[in-house]
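Enquirer: Input: one structure, supplied below.
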Amino acid sequence: MITYLIEAVFAYSRRILTGIRRRRRTFAALTSVSLVIGLAAVAWMVLGPLDPEPYLAVESSREILDRHGRLMCSFINSDDHWVFERDLDTISPYLVQATIAAEDQRFYRHPGVDPMAVIRAIGQNLRYGRVVSGASTLTMQVVKLTEPTPRTFIGKMMQATRAMRLERRASKDDILQAYLNKVPYGLNLLGCEAAARRYFDKPARELTLAEAALLAGLPKAPGNFLPTRYPDRARVRRDYVLARMHEEGFIDDANFEAATAEPVRARWNSFPEQARHLAMAVRPQLAPGEIVHTALDSRIQQFVENNLVKAVRGYEDAITNAAAIVIDVETAEVLARVGSADFFDTPGGGQVDATRASRSPGSALKPFTYALAMQRQLLYPSEMLYDGRLDYGLYSPDNFDGLHAGLTTADYALKRSLNVPAVAVQDRIGAAALHRFLRDAGLTTLTNAPSHYGLGLTLGNCEVRLDELAAAYAMLANLGEYRPLRHRFDEPETTPRRLLHRGVALAVYDMLDSPLPEEFHRNIIRTSGSPPRAAWKTGTSTGLFDAWAFVFNQHYVVGVWMGNNDARSSEWLVGAKTALPLATVLFRGLPEKSTASWPSNRGDLRETRICARSGLPASRWCKNTRTARLPSTLYLHRTCDMHHPGPDGDPIERWPGSAKGWDLAAIQAPRIRTNDQDSEPSGSSHRRTAALRILEPVDQAEYVLTGESGGDRLRLRTSHDAHGAIHWYLNDRYVGPAQPDAPVHLELEPGAHKLTGMNPDNGAIDTVRFTVHSSRRVF
């Protein structure tokens, strides 16, 4: 059209000049010049400068979306309006068609101003003697929404001018999208998305034909047709829009009749208010109109929020608050995070995020103590520990129920959450080592020196955060690899850090593997039959102030805290009584995955012959033995020291003389531990009296591969080869046993390696390191 106007101006100018030369009539010349000026003015109206960005831009509300793009929480914009900008292809086609039929049926054919509508408006206004029709197109309305002008002739001309300029610089779809995102729909709602959510509790893409027609009729006079106040007026206007859609051919007779028969179902609905604590935390960081895509799942979030409210109500005033977090193990993404039972009505302040509050964890730290002891070669899950009176002078730990089990395996002690064995295990590894390990696992609240916590650290005489402790459990669930929790998809992904050997993590899985309380899931029916296996651990703070529970497998980690904001104690605040039932309901209610929920053993656990009495790797004097699955990275150097030859040569059984320092692998010789010793046996610092020396390869040796058949094999030799079996470990992986008549030959591979040999009879070990090069280096 613009090209046509320009050509018309020049063509008409040439004709004027020709006429002037021929007729030389002054009046005709002046008239012609006036027409040229008029045409030039029209061209200027269309071709003049205009920046389309302000007309298309929308000052949207800040939004918090879940991982699927569903709205979870939002904040009003600076003008106190609710505005949710949406792309045109995410808006119901019914609403697009209804808007065009009701407001501008020739929208896709006119250049911003509809001449036919102008003629119709002039006729109607003259007929009624007042302005009853303005002939505004959708483009003119977009201009007016951005730059309001008076309802005068000059105002209309300004709108028309800018509308034609806007049409030259923006597509029809962009203009229509701007209209649907900016036009008022009543109350303080701008745009169809806010209106659809307020009136129909659904996004604009899900509007039905009748709902879309009702919304399309509101911009004409939002206050007059407000469906929540004037439903009858709104219905009349809706039916008019449906009739226009029918006339324009957007809908057929059947759809028209069905839609007009529907009642007006609009009502006032609240916008989603999920994950309020997370939303309030990120709100100061958001620019106006910014949208945050979180890792949360709104359906899981709502499920958790509902169950927290229900759980707390069941205890009346005894327990007034709860918090929970759900983590996807594979990605460390937070699927749900609820900081209080009720954001607006929790005694002591529901706005306080209890997932970030520091609380005493009780026994919830014990799995990490046992895991670290295995990682540092100081514990086997099968070995017998002592559960009885234990005196450390000023400190004497006792069990929660005051009862003692006597001799118990480490596995059973952790399952039963016995305090005395846990303290004994921490005594082996030291408070400094456990403190550092917990810090490495993300517990930032352990800010005091290890000596401040002492032997009570494993019993939870500290304060931790629910989210950080859940992340540590996610490390266990992820087979020893730790990564920080991820709440938002715009957060950078981090490289996992391995804190535990895979076999050690598998052992913890086995130690915590136990059916969840039957009464909490007996009515749950799953398509896969029996519910997936789960490992779990509870915690109760001293004085009954905090109850904790963590349930996990390879799919999810669920962490729960229950308590009171005013730090009141309650006899109900016991992890197994309150937090575990809630955690069970949450865990069993999570979506099933197609992958295995329980980790497989890929050689990380191996069957080992152990003494039936001590639970330690059997010595040659142990007559009664059985097999147990132990982490393959555990050296078998701590063999049973209970059984020794008696005076007549037959094995006799002996026991430690004191419960303090209990270790059935070293009954006679006192255990010597340097402060915070390394976790891995290395060199002479770990050798016993009957020293074992690796003769080949020598420490720090370097080899170059020859590539010849059989030329890159190395026979492993020690100073004990003639006396019995030697167990070999390469890079903490079990290679196999060597016998005096059957040595082990190692196939060399490029890289730096660590080789450990162990004599199972006396526990003597030695470690060397060597390097293999693929080709000769130049030094």
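FYI, nothing fancy with the structure tokens labels: chains A, B, ... in order, residues from 1 per chain, ligands from 1 as they appear.
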Hey, what's within 12 Å of A:His644 if we count only C-alpha atoms and toss same-chain stuff fewer than 6 positions away? As a PyMOL selection string, please?

Expert: chain A and resi 618-623+650-655+665+667-668+761-762

Enquirer: Would you write out those residues with N, CA, C and O atoms, as a CSV table (one decimal), in the first residue's frame?

Expert:
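Output contents, as saved in again_8.csv:
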```
chain,number,residue,atom,x,y,z
A,618,ALA,N,38.1,-63.5,58.6
A,618,ALA,CA,38.6,-64.7,59.4
A,618,ALA,C,40.1,-64.8,59.4
A,618,ALA,O,40.7,-64.7,58.3
A,619,SER,N,40.6,-65.2,60.5
A,619,SER,CA,42.0,-65.6,60.6
A,619,SER,C,42.1,-67.1,60.4
A,619,SER,O,41.1,-67.8,60.4
A,620,ARG,N,43.3,-67.7,60.4
A,620,ARG,CA,43.4,-69.1,60.2
A,620,ARG,C,42.9,-69.8,61.5
A,620,ARG,O,42.8,-71.1,61.5
A,621,TRP,N,42.7,-69.1,62.6
A,621,TRP,CA,42.3,-69.7,63.9
A,621,TRP,C,40.8,-69.7,64.0
A,621,TRP,O,40.3,-70.3,65.0
A,622,CYS,N,40.1,-69.0,63.2
A,622,CYS,CA,38.6,-69.0,63.3
A,622,CYS,C,38.0,-70.2,62.7
A,622,CYS,O,38.1,-70.4,61.5
A,623,LYS,N,37.4,-71.0,63.5
A,623,LYS,CA,36.8,-72.3,63.0
A,623,LYS,C,35.4,-72.1,62.5
A,623,LYS,O,35.0,-72.8,61.5
A,650,ASP,N,45.2,-75.8,70.2
A,650,ASP,CA,43.8,-75.6,69.7
A,650,ASP,C,43.4,-74.1,69.9
A,650,ASP,O,43.9,-73.4,70.9
A,651,PRO,N,42.6,-73.6,69.0
A,651,PRO,CA,42.2,-72.2,69.1
A,651,PRO,C,41.4,-71.9,70.4
A,651,PRO,O,40.6,-72.7,70.9
A,652,ILE,N,41.7,-70.7,71.0
A,652,ILE,CA,41.0,-70.3,72.2
A,652,ILE,C,40.4,-68.9,71.8
A,652,ILE,O,40.8,-68.2,70.9
A,653,GLU,N,39.4,-68.5,72.6
A,653,GLU,CA,38.7,-67.2,72.4
A,653,GLU,C,39.0,-66.3,73.5
A,653,GLU,O,39.0,-66.6,74.7
A,654,ARG,N,39.3,-65.0,73.1
A,654,ARG,CA,39.6,-64.0,74.1
A,654,ARG,C,38.8,-62.7,73.8
A,654,ARG,O,38.4,-62.5,72.7
A,655,TRP,N,38.7,-61.9,74.8
A,655,TRP,CA,37.9,-60.7,74.7
A,655,TRP,C,38.6,-59.5,75.2
A,655,TRP,O,39.5,-59.6,76.0
A,665,ALA,N,39.8,-56.6,66.4
A,665,ALA,CA,40.9,-56.8,65.5
A,665,ALA,C,42.2,-56.5,66.1
A,665,ALA,O,43.3,-56.8,65.5
A,667,ILE,N,43.1,-56.9,70.0
A,667,ILE,CA,42.7,-57.1,71.4
A,667,ILE,C,43.9,-56.9,72.3
A,667,ILE,O,43.9,-56.2,73.3
A,668,GLN,N,45.1,-57.5,72.0
A,668,GLN,CA,46.3,-57.4,72.8
A,668,GLN,C,47.0,-56.1,72.6
A,668,GLN,O,47.2,-55.3,73.6
A,761,ASP,N,46.8,-62.9,57.5
A,761,ASP,CA,47.1,-63.6,58.8
A,761,ASP,C,47.4,-62.7,59.9
A,761,ASP,O,47.0,-62.9,61.1
A,762,ASN,N,48.2,-61.6,59.6
A,762,ASN,CA,48.6,-60.7,60.7
A,762,ASN,C,48.2,-59.3,60.4
A,762,ASN,O,48.5,-58.4,61.2
```

Enquirer: If you count only C-alpha atoms, which residues fall within 10 Å of stretch 68-81 of chain A, apart from same-chain ones fewer than 5 positions away, as a ChimeraX atom specification?

Expert: /A:59-63,184,187-191,194,203,271-276,278-280,283,288-289,291-299,301-302

Enquirer: Would you mind exporting C-alpha atoms of the selected residues as a compact mmCIF listing (two decimals), in the first residue's frame?

Expert:
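Here's the written file again_7.txt:
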```txt
# COMPACT_ATOMS: atom_id res chain seq x y z
CA GLU A 59 5.47 -4.67 31.98
CA SER A 60 4.77 -8.15 33.24
CA SER A 61 4.54 -9.50 36.75
CA ARG A 62 7.51 -11.45 38.06
CA GLU A 63 6.78 -15.16 37.83
CA PRO A 184 -7.73 -4.60 30.59
CA LEU A 187 -10.31 -5.58 38.27
CA ASN A 188 -6.53 -5.04 38.16
CA LEU A 189 -6.03 -7.63 35.43
CA LEU A 190 -4.15 -6.81 32.25
CA GLY A 191 -3.87 -9.43 29.55
CA ALA A 194 -4.18 -13.02 34.20
CA PRO A 203 -4.00 -20.70 31.76
CA PHE A 271 -3.28 -17.14 41.72
CA PRO A 272 -0.97 -20.05 42.62
CA GLU A 273 1.02 -19.46 45.80
CA GLN A 274 3.35 -22.43 45.97
CA ALA A 275 6.94 -22.46 47.20
CA ARG A 276 6.46 -19.10 48.90
CA LEU A 278 11.76 -19.90 47.68
CA ALA A 279 9.82 -17.20 45.85
CA MET A 280 10.45 -14.65 48.59
CA ARG A 283 12.23 -11.95 44.60
CA PRO A 288 10.62 -6.34 36.56
CA GLY A 289 8.82 -8.94 34.47
CA ILE A 291 10.47 -15.20 34.82
CA VAL A 292 12.36 -17.80 36.86
CA HIS A 293 12.27 -21.41 35.72
CA THR A 294 12.82 -23.56 38.79
CA ALA A 295 13.58 -27.26 39.08
CA LEU A 296 10.52 -27.73 41.28
CA ASP A 297 7.53 -29.79 40.20
CA SER A 298 4.32 -27.94 41.10
CA ARG A 299 2.32 -31.14 41.51
CA GLN A 301 5.15 -29.30 45.68
CA GLN A 302 1.37 -29.13 46.20
```

Enquirer: Please, which residues of stretch 67-222 of chain A, numbered as in this document, come out strand (DSSP E) from DSSP, as a PDB file with all heavy atoms, in the first residue's frame?

Expert:
```
ATOM      1  N   LEU A  71       2.856 -22.116  36.392  1.00  0.00           N
ATOM      2  CA  LEU A  71       2.989 -21.000  37.330  1.00  0.00           C
ATOM      3  C   LEU A  71       2.858 -21.500  38.762  1.00  0.00           C
ATOM      4  O   LEU A  71       1.913 -22.201  39.106  1.00  0.00           O
ATOM      5  CB  LEU A  71       1.921 -19.946  37.042  1.00  0.00           C
ATOM      6  CG  LEU A  71       1.956 -18.692  37.930  1.00  0.00           C
ATOM      7  CD1 LEU A  71       3.233 -17.900  37.684  1.00  0.00           C
ATOM      8  CD2 LEU A  71       0.726 -17.814  37.665  1.00  0.00           C
ATOM      9  N   MET A  72       3.832 -21.130  39.600  1.00  0.00           N
ATOM     10  CA  MET A  72       3.809 -21.523  41.007  1.00  0.00           C
ATOM     11  C   MET A  72       3.592 -20.327  41.920  1.00  0.00           C
ATOM     12  O   MET A  72       2.942 -20.442  42.959  1.00  0.00           O
ATOM     13  CB  MET A  72       5.118 -22.213  41.393  1.00  0.00           C
ATOM     14  CG  MET A  72       5.403 -23.498  40.631  1.00  0.00           C
ATOM     15  SD  MET A  72       6.850 -24.362  41.258  1.00  0.00           S
ATOM     16  CE  MET A  72       6.254 -24.919  42.847  1.00  0.00           C
ATOM     17  N   CYS A  73       4.146 -19.190  41.562  1.00  0.00           N
ATOM     18  CA  CYS A  73       4.011 -17.992  42.395  1.00  0.00           C
ATOM     19  C   CYS A  73       4.301 -16.782  41.520  1.00  0.00           C
ATOM     20  O   CYS A  73       5.005 -16.878  40.502  1.00  0.00           O
ATOM     21  CB  CYS A  73       4.985 -18.059  43.577  1.00  0.00           C
ATOM     22  SG  CYS A  73       4.665 -16.823  44.864  1.00  0.00           S
ATOM     23  N   SER A  74       3.756 -15.634  41.893  1.00  0.00           N
ATOM     24  CA  SER A  74       3.956 -14.423  41.103  1.00  0.00           C
ATOM     25  C   SER A  74       3.841 -13.208  42.001  1.00  0.00           C
ATOM     26  O   SER A  74       3.356 -13.285  43.138  1.00  0.00           O
ATOM     27  CB  SER A  74       2.917 -14.352  39.968  1.00  0.00           C
ATOM     28  OG  SER A  74       1.600 -14.421  40.492  1.00  0.00           O
ATOM     29  N   PHE A  75       4.291 -12.056  41.461  1.00  0.00           N
ATOM     30  CA  PHE A  75       4.264 -10.805  42.201  1.00  0.00           C
ATOM     31  C   PHE A  75       3.678  -9.712  41.320  1.00  0.00           C
ATOM     32  O   PHE A  75       3.976  -9.649  40.115  1.00  0.00           O
ATOM     33  CB  PHE A  75       5.664 -10.415  42.663  1.00  0.00           C
ATOM     34  CG  PHE A  75       6.322 -11.450  43.537  1.00  0.00           C
ATOM     35  CD1 PHE A  75       7.231 -12.340  42.999  1.00  0.00           C
ATOM     36  CD2 PHE A  75       6.010 -11.546  44.882  1.00  0.00           C
ATOM     37  CE1 PHE A  75       7.836 -13.306  43.791  1.00  0.00           C
ATOM     38  CE2 PHE A  75       6.602 -12.498  45.678  1.00  0.00           C
ATOM     39  CZ  PHE A  75       7.518 -13.389  45.142  1.00  0.00           C
ATOM     40  N   TRP A  82      -1.849  -7.224  37.720  1.00  0.00           N
ATOM     41  CA  TRP A  82      -1.419  -8.587  37.425  1.00  0.00           C
ATOM     42  C   TRP A  82      -1.318  -8.731  35.917  1.00  0.00           C
ATOM     43  O   TRP A  82      -2.306  -8.564  35.196  1.00  0.00           O
ATOM     44  CB  TRP A  82      -2.412  -9.606  37.982  1.00  0.00           C
ATOM     45  CG  TRP A  82      -2.458  -9.659  39.483  1.00  0.00           C
ATOM     46  CD1 TRP A  82      -3.437  -9.176  40.287  1.00  0.00           C
ATOM     47  CD2 TRP A  82      -1.466 -10.230  40.340  1.00  0.00           C
ATOM     48  NE1 TRP A  82      -3.131  -9.404  41.606  1.00  0.00           N
ATOM     49  CE2 TRP A  82      -1.929 -10.058  41.670  1.00  0.00           C
ATOM     50  CE3 TRP A  82      -0.247 -10.868  40.129  1.00  0.00           C
ATOM     51  CZ2 TRP A  82      -1.206 -10.498  42.775  1.00  0.00           C
ATOM     52  CZ3 TRP A  82       0.480 -11.308  41.221  1.00  0.00           C
ATOM     53  CH2 TRP A  82       0.004 -11.126  42.519  1.00  0.00           C
ATOM     54  N   VAL A  83      -0.116  -9.027  35.426  1.00  0.00           N
ATOM     55  CA  VAL A  83       0.122  -9.153  33.992  1.00  0.00           C
ATOM     56  C   VAL A  83       1.054 -10.343  33.769  1.00  0.00           C
ATOM     57  O   VAL A  83       2.161 -10.369  34.304  1.00  0.00           O
ATOM     58  CB  VAL A  83       0.787  -7.890  33.400  1.00  0.00           C
ATOM     59  CG1 VAL A  83       0.753  -7.941  31.876  1.00  0.00           C
ATOM     60  CG2 VAL A  83       0.136  -6.628  33.918  1.00  0.00           C
ATOM     61  N   LEU A 189      -6.544  -6.591  36.319  1.00  0.00           N
ATOM     62  CA  LEU A 189      -6.033  -7.629  35.433  1.00  0.00           C
ATOM     63  C   LEU A 189      -5.747  -7.047  34.059  1.00  0.00           C
ATOM     64  O   LEU A 189      -6.628  -6.475  33.418  1.00  0.00           O
ATOM     65  CB  LEU A 189      -7.042  -8.776  35.295  1.00  0.00           C
ATOM     66  CG  LEU A 189      -7.567  -9.382  36.603  1.00  0.00           C
ATOM     67  CD1 LEU A 189      -8.685 -10.370  36.309  1.00  0.00           C
ATOM     68  CD2 LEU A 189      -6.432 -10.049  37.373  1.00  0.00           C
ATOM     69  N   LEU A 190      -4.525  -7.196  33.608  1.00  0.00           N
ATOM     70  CA  LEU A 190      -4.148  -6.811  32.249  1.00  0.00           C
ATOM     71  C   LEU A 190      -3.710  -8.065  31.516  1.00  0.00           C
ATOM     72  O   LEU A 190      -2.878  -8.829  32.006  1.00  0.00           O
ATOM     73  CB  LEU A 190      -3.005  -5.792  32.264  1.00  0.00           C
ATOM     74  CG  LEU A 190      -3.269  -4.433  32.929  1.00  0.00           C
ATOM     75  CD1 LEU A 190      -2.060  -3.534  32.771  1.00  0.00           C
ATOM     76  CD2 LEU A 190      -4.504  -3.775  32.346  1.00  0.00           C
TER      77      LEU A 190
END
```

Enquirer: As a PDB file with C-alpha atoms, in the first residue's frame, please: the residues near A:Gly543 (cut-off 12 Å, only C-alpha atoms, same-chain neighbours under 3 positions excluded).

Expert:
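Saved result, result-v9.pdb, follows:
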```pdb
ATOM      1  CA  SER A 360      19.845 -30.273  66.241  1.00  0.00           C
ATOM      2  CA  PRO A 361      19.764 -33.397  64.008  1.00  0.00           C
ATOM      3  CA  GLY A 362      20.052 -36.096  66.662  1.00  0.00           C
ATOM      4  CA  PHE A 400      17.771 -43.289  73.640  1.00  0.00           C
ATOM      5  CA  ASN A 461      25.153 -32.212  69.442  1.00  0.00           C
ATOM      6  CA  THR A 540      15.586 -36.972  67.559  1.00  0.00           C
ATOM      7  CA  ASP A 546      13.261 -31.738  66.850  1.00  0.00           C
ATOM      8  CA  ALA A 547      12.130 -34.824  64.938  1.00  0.00           C
ATOM      9  CA  GLY A 563       9.029 -29.161  65.676  1.00  0.00           C
ATOM     10  CA  ALA A 567      11.558 -24.361  70.581  1.00  0.00           C
ATOM     11  CA  ARG A 568       8.991 -26.071  72.788  1.00  0.00           C
ATOM     12  CA  SER A 569       9.649 -29.739  73.413  1.00  0.00           C
ATOM     13  CA  SER A 570       7.006 -32.424  73.087  1.00  0.00           C
ATOM     14  CA  GLU A 571       6.838 -36.120  73.807  1.00  0.00           C
ATOM     15  CA  TRP A 572       5.643 -36.496  70.211  1.00  0.00           C
ATOM     16  CA  LEU A 573       8.829 -35.022  68.777  1.00  0.00           C
ATOM     17  CA  VAL A 574      10.505 -38.359  68.148  1.00  0.00           C
TER      18      VAL A 574
END
```

Enquirer: Of the candidates A:Leu180, A:Leu455, A:Val735, A:Val312, which shows the shortest atom-to-atom distance to A:Thr578, using only C-alpha atoms?

Expert: A:Val312

Enquirer: Using DSSP on the backbone coordinates, identify the residues of stretch 404-541 of chain A assigned to helix (DSSP H, G or I); present them as a PyMOL selection string.

Expert: chain A and resi 410-415+419-429+431-440+450-459+466-477+502-512+518-520

Enquirer: Could I get the residues of stretch 86-114 of chain A with an atom no further than 7 Å from an atom of stretch 240-261 of chain A, each paired with its nearest atom pair and that distance in Å to one decimal, using only C-alpha atoms, sorted by chain and residue number, as CSV?

Expert:
```
residue,atom,partner,partner_atom,distance
A:Gln97,CA,A:Phe250,CA,6.7
A:Ala98,CA,A:Met245,CA,6.1
A:Ala101,CA,A:Met245,CA,5.4
A:Ala102,CA,A:Val241,CA,5.6
```

Enquirer: What is the atom CA of A:Asn399 to atom CA of A:Leu418 distance in Å?

Expert: 5.8 Å

Enquirer: I'd like the contact shell of A:Trp598 - 9 Å cut-off, only C-alpha atoms, skipping same-chain residues fewer than 2 positions apart - returned as a PyMOL selection string.

Expert: chain A and resi 509+532-534+553-555+596+600

Enquirer: Excluding stretch 348-352 of chain A and any residue of its chain fewer than 3 positions from it, enumerate the residues within 12 Å of it, using only C-alpha atoms, and give them as number ranges by chain.

Expert: A: 275-281, 309, 319-323, 338-345, 355-358, 563-568

Enquirer: Please produce an output containing N, CA, C and O atoms for each residue in the selection, written as a compact mmCIF listing (two decimals), in the first residue's frame.

Expert:
```txt
# COMPACT_ATOMS: atom_id res chain seq x y z
N ALA A 275 5.51 -22.72 46.97
CA ALA A 275 6.94 -22.46 47.20
C ALA A 275 7.17 -21.00 47.58
O ALA A 275 8.07 -20.32 47.06
N ARG A 276 6.37 -20.51 48.53
CA ARG A 276 6.46 -19.10 48.90
C ARG A 276 7.82 -18.74 49.47
O ARG A 276 8.33 -17.64 49.23
N HIS A 277 8.43 -19.64 50.23
CA HIS A 277 9.73 -19.31 50.83
C HIS A 277 10.79 -19.14 49.75
O HIS A 277 11.59 -18.19 49.80
N LEU A 278 10.80 -20.03 48.77
CA LEU A 278 11.76 -19.90 47.68
C LEU A 278 11.47 -18.64 46.87
O LEU A 278 12.40 -17.91 46.48
N ALA A 279 10.19 -18.38 46.62
CA ALA A 279 9.82 -17.20 45.85
C ALA A 279 10.25 -15.91 46.55
O ALA A 279 10.79 -14.99 45.91
N MET A 280 10.05 -15.85 47.85
CA MET A 280 10.45 -14.65 48.59
C MET A 280 11.96 -14.50 48.62
O MET A 280 12.49 -13.38 48.65
N ALA A 281 12.67 -15.62 48.60
CA ALA A 281 14.13 -15.56 48.62
C ALA A 281 14.68 -15.01 47.31
O ALA A 281 15.68 -14.26 47.31
N VAL A 309 0.45 -29.74 56.06
CA VAL A 309 -0.67 -29.14 56.79
C VAL A 309 -1.47 -30.22 57.52
O VAL A 309 -1.80 -30.09 58.71
N ILE A 319 2.72 -30.14 68.23
CA ILE A 319 3.64 -29.86 67.12
C ILE A 319 2.94 -28.87 66.20
O ILE A 319 1.85 -29.14 65.71
N THR A 320 3.57 -27.74 65.97
CA THR A 320 2.91 -26.68 65.21
C THR A 320 3.59 -26.38 63.88
O THR A 320 3.10 -25.55 63.12
N ASN A 321 4.70 -27.03 63.59
CA ASN A 321 5.38 -26.70 62.34
C ASN A 321 6.09 -27.93 61.77
O ASN A 321 6.40 -28.88 62.49
N ALA A 322 6.33 -27.86 60.48
CA ALA A 322 7.03 -28.93 59.78
C ALA A 322 7.63 -28.36 58.51
O ALA A 322 7.18 -27.32 58.01
N ALA A 323 8.66 -29.01 58.03
CA ALA A 323 9.29 -28.63 56.77
C ALA A 323 9.71 -29.90 56.05
O ALA A 323 9.94 -30.93 56.67
N VAL A 338 9.31 -27.11 51.07
CA VAL A 338 8.26 -26.46 51.87
C VAL A 338 8.89 -26.04 53.19
O VAL A 338 9.35 -26.88 53.97
N GLY A 339 8.91 -24.74 53.45
CA GLY A 339 9.60 -24.21 54.62
C GLY A 339 8.79 -24.14 55.89
O GLY A 339 9.35 -23.94 56.97
N SER A 340 7.47 -24.30 55.79
CA SER A 340 6.64 -24.30 57.00
C SER A 340 5.31 -24.96 56.66
O SER A 340 4.93 -25.07 55.49
N ALA A 341 4.60 -25.36 57.70
CA ALA A 341 3.32 -26.03 57.48
C ALA A 341 2.28 -25.08 56.89
O ALA A 341 1.43 -25.49 56.11
N ASP A 342 2.34 -23.81 57.28
CA ASP A 342 1.41 -22.81 56.75
C ASP A 342 2.14 -21.48 56.69
O ASP A 342 2.54 -20.93 57.72
N PHE A 343 2.34 -20.97 55.49
CA PHE A 343 3.12 -19.75 55.31
C PHE A 343 2.48 -18.57 56.04
O PHE A 343 3.20 -17.69 56.54
N PHE A 344 1.16 -18.52 56.09
CA PHE A 344 0.47 -17.38 56.66
C PHE A 344 -0.03 -17.62 58.09
O PHE A 344 -0.42 -16.67 58.76
N ASP A 345 -0.05 -18.86 58.56
CA ASP A 345 -0.68 -19.12 59.86
C ASP A 345 0.05 -20.24 60.60
O ASP A 345 -0.52 -21.28 60.91
N THR A 355 13.48 -25.01 56.28
CA THR A 355 14.46 -25.84 55.58
C THR A 355 15.85 -25.24 55.68
O THR A 355 16.85 -25.93 55.46
N ARG A 356 15.93 -23.95 56.04
CA ARG A 356 17.21 -23.27 56.17
C ARG A 356 17.56 -22.97 57.62
O ARG A 356 18.64 -22.44 57.90
N ALA A 357 16.66 -23.29 58.53
CA ALA A 357 16.90 -23.01 59.94
C ALA A 357 17.85 -24.05 60.53
O ALA A 357 17.84 -25.21 60.15
N SER A 358 18.67 -23.63 61.47
CA SER A 358 19.63 -24.53 62.12
C SER A 358 18.97 -25.22 63.30
O SER A 358 18.46 -24.56 64.21
N GLY A 563 8.71 -29.80 64.41
CA GLY A 563 9.03 -29.16 65.68
C GLY A 563 8.17 -27.93 65.90
O GLY A 563 7.08 -27.80 65.31
N ASN A 564 8.67 -27.03 66.72
CA ASN A 564 7.95 -25.80 67.04
C ASN A 564 8.91 -24.62 66.89
O ASN A 564 10.07 -24.69 67.29
N ASN A 565 8.38 -23.53 66.34
CA ASN A 565 9.22 -22.35 66.14
C ASN A 565 9.68 -21.74 67.45
O ASN A 565 10.73 -21.09 67.49
N ASP A 566 8.90 -21.92 68.51
CA ASP A 566 9.30 -21.36 69.80
C ASP A 566 10.17 -22.32 70.60
O ASP A 566 10.40 -22.11 71.80
N ALA A 567 10.64 -23.40 69.96
CA ALA A 567 11.56 -24.36 70.58
C ALA A 567 10.94 -25.09 71.77
O ALA A 567 11.66 -25.53 72.67
N ARG A 568 9.62 -25.26 71.75
CA ARG A 568 8.99 -26.07 72.79
C ARG A 568 9.24 -27.54 72.51
O ARG A 568 9.19 -27.99 71.37
```

Enquirer: Just the residues within 9 Å of A:Arg428, please, counting only C-alpha atoms, with nothing from its chain fewer than 4 positions along; format it as a compact mmCIF listing (two decimals) with all heavy atoms, in the first residue's frame.

Expert:
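File written: around.txt
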```txt
# COMPACT_ATOMS: atom_id res chain seq x y z
N ALA A 373 34.03 -44.23 58.61
CA ALA A 373 34.87 -45.26 59.22
C ALA A 373 35.22 -46.34 58.20
O ALA A 373 36.36 -46.83 58.16
CB ALA A 373 34.16 -45.87 60.43
N LEU A 378 38.56 -48.46 58.79
CA LEU A 378 38.50 -48.66 60.24
C LEU A 378 37.25 -49.41 60.69
O LEU A 378 37.04 -49.54 61.90
CB LEU A 378 38.56 -47.29 60.95
CG LEU A 378 39.87 -46.52 60.78
CD1 LEU A 378 39.74 -45.12 61.37
CD2 LEU A 378 41.03 -47.28 61.42
N LEU A 379 36.45 -49.88 59.75
CA LEU A 379 35.21 -50.56 60.14
C LEU A 379 34.75 -51.45 59.01
O LEU A 379 34.84 -51.10 57.84
CB LEU A 379 34.12 -49.52 60.47
CG LEU A 379 32.77 -50.08 60.91
CD1 LEU A 379 32.85 -50.65 62.33
CD2 LEU A 379 31.67 -49.02 60.82
N VAL A 423 29.23 -43.78 69.05
CA VAL A 423 30.29 -43.01 69.69
C VAL A 423 31.62 -43.76 69.60
O VAL A 423 32.67 -43.17 69.35
CB VAL A 423 29.92 -42.71 71.16
CG1 VAL A 423 31.10 -42.08 71.89
CG2 VAL A 423 28.72 -41.78 71.22
N ALA A 424 31.59 -45.09 69.79
CA ALA A 424 32.81 -45.89 69.69
C ALA A 424 33.40 -45.82 68.29
O ALA A 424 34.63 -45.74 68.12
CB ALA A 424 32.51 -47.33 70.08
N GLY A 661 37.73 -48.15 73.56
CA GLY A 661 38.67 -48.54 72.53
C GLY A 661 38.38 -49.91 71.97
O GLY A 661 39.28 -50.57 71.44
N ARG A 673 46.70 -44.30 67.33
CA ARG A 673 46.15 -43.47 66.27
C ARG A 673 46.73 -42.08 66.38
O ARG A 673 46.64 -41.44 67.44
CB ARG A 673 44.63 -43.39 66.36
CG ARG A 673 44.00 -42.66 65.17
CD ARG A 673 42.50 -42.44 65.36
NE ARG A 673 42.25 -41.43 66.36
CZ ARG A 673 41.58 -41.64 67.48
NH1 ARG A 673 41.14 -42.85 67.77
NH2 ARG A 673 41.39 -40.67 68.34
```

Enquirer: Let me make sure I understand: among A:Thr346, A:Gly430, A:Ile325, A:His745, which one has the smallest atom-to-atom distance to A:Gly711 if we use only C-alpha atoms?

Expert: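 For A:Gly711, the nearest of the given residues is A:His745.
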
Enquirer: Would you mind listing what lies within 8 Å of stretch 408-410 of chain A as JSON, numbers by chain, with only C-alpha atoms counted and same-chain residues fewer than 5 positions away left out?

Expert: {"A": [380, 381, 382, 383, 384, 385, 386, 387, 421, 615]}
